Amino acid sequence: MTKDAFGLVVAALARRDLTAAELEERLERAGFEQKARADAVARAADAGYLDDRRVARERVRTLAERDSSDTAIRAELERRGVSEELVEAALAAVTPEAERAARLVRRLGGGPRAARTLARKGFPDDVIERATGLQIAE
């Protein structure tokens, strides 16, 4: 059964990068026992197919390029089972949140519309105020 579990892992990773937690979940839904799941995930990691650090780094880069807030990025990676340590390391390697907010404000032309967009994307009030020059109501 371990070989079948590993085959499922390889097939899933051939389609897209997944985290160890996501693979564990898929294997559990497919009915594999704990030992088979752990063996398949460990084998994929040992072979270099599975790397949560790489997933975190690439996903953070993609979301930062889309001007997502650190809060939104953390939430997505937490949902995907990435450790806080890996998330923080990946965030440290991308454009700072305040710069992403300012870039988005410039693209949107500033004003209340830009502030609403930043708020919707999860930027903190202090970052929104600095980026837009508008006072956010408490």
# chains A, B, ... in the order shown; residues from 1 in each chain; ligands from 1

call {"tool": "closest_atom_pairs", "arguments": {"of": "stretch 53-78 of chain A", "to": "stretch 14-19 of chain A", "cutoff": "12 Å", "atoms": "only C-alpha atoms", "output": "tab-separated table"}}
result
residue	atom	partner	partner_atom	distance
A:Arg53	CA	A:Thr19	CA	8.8
A:Arg54	CA	A:Asp17	CA	8.6
A:Val55	CA	A:Asp17	CA	6.3
A:Ala56	CA	A:Thr19	CA	8.6
A:Arg57	CA	A:Asp17	CA	11.4
A:Glu58	CA	A:Asp17	CA	9.4
A:Arg59	CA	A:Asp17	CA	9.6
A:Glu76	CA	A:Thr19	CA	12.0
A:Leu77	CA	A:Thr19	CA	9.3
A:Glu78	CA	A:Thr19	CA	10.6

call {"tool": "closest_residue", "arguments": {"among": "A:Asp125, A:Glu24, A:Ala101, A:Gln34", "to": "A:Arg66", "atoms": "only C-alpha atoms"}}
result
A:Ala101

call {"tool": "residues_around", "arguments": {"residues": "A:Ile128", "least_positions_apart": "2", "cutoff": "9 Å", "atoms": "only C-alpha atoms", "output": "compact mmCIF listing (two decimals) with C-alpha atoms, in the first residue's frame"}}
result
# COMPACT_ATOMS: atom_id res chain seq x y z
CA ALA A 98 4.46 48.88 3.13
CA ALA A 101 0.78 48.86 -0.35
CA ALA A 102 2.35 52.03 -1.78
CA ALA A 114 -7.22 52.66 -2.84
CA ALA A 115 -7.74 52.61 0.94
CA ARG A 116 -10.75 50.29 0.55
CA LEU A 118 -5.90 47.81 0.79
CA ALA A 119 -8.34 47.07 3.61
CA PHE A 123 -3.40 45.50 5.06
CA PRO A 124 -3.28 46.93 8.60
CA ASP A 125 -4.73 50.39 9.23
CA ASP A 126 -1.33 51.99 9.90
CA ARG A 130 0.86 55.77 5.46
CA ALA A 131 0.31 54.56 1.89
CA THR A 132 -2.77 56.69 1.19
CA GLY A 133 -2.27 59.67 3.49
CA LEU A 134 -5.85 59.17 4.67
CA GLN A 135 -6.94 58.82 8.30
CA ILE A 136 -8.69 55.49 8.90

call {"tool": "closest_residue", "arguments": {"among": "A:Ser69, A:Pro112, A:Leu63, A:Ala20", "to": "A:Asp51", "atoms": "only C-alpha atoms"}}
result
A:Ala20

call {"tool": "atom_distance", "arguments": {"atom1": "atom CA of A:Gly111", "atom2": "atom CA of A:Ile73"}}
result
24.4 Å

call {"tool": "atom_distance", "arguments": {"atom1": "atom CA of A:Ala45", "atom2": "atom CA of A:Ala92"}}
result
24.1 Å

call {"tool": "residues_around", "arguments": {"residues": "A:Leu91", "least_positions_apart": "3", "cutoff": "8 Å", "atoms": "only C-alpha atoms", "output": "list in words"}}
result
Arg57, Val60, Asp70, Val87, Glu88, Val94 and Pro96 of chain A

call {"tool": "atom_distance", "arguments": {"atom1": "atom CA of A:Glu97", "atom2": "atom CA of A:Ala21"}}
result
26.8 Å

call {"tool": "closest_residue", "arguments": {"among": "A:Arg61, A:Arg113, A:Arg107, A:Arg43", "to": "A:Ala89", "atoms": "only C-alpha atoms"}}
result
A:Arg61
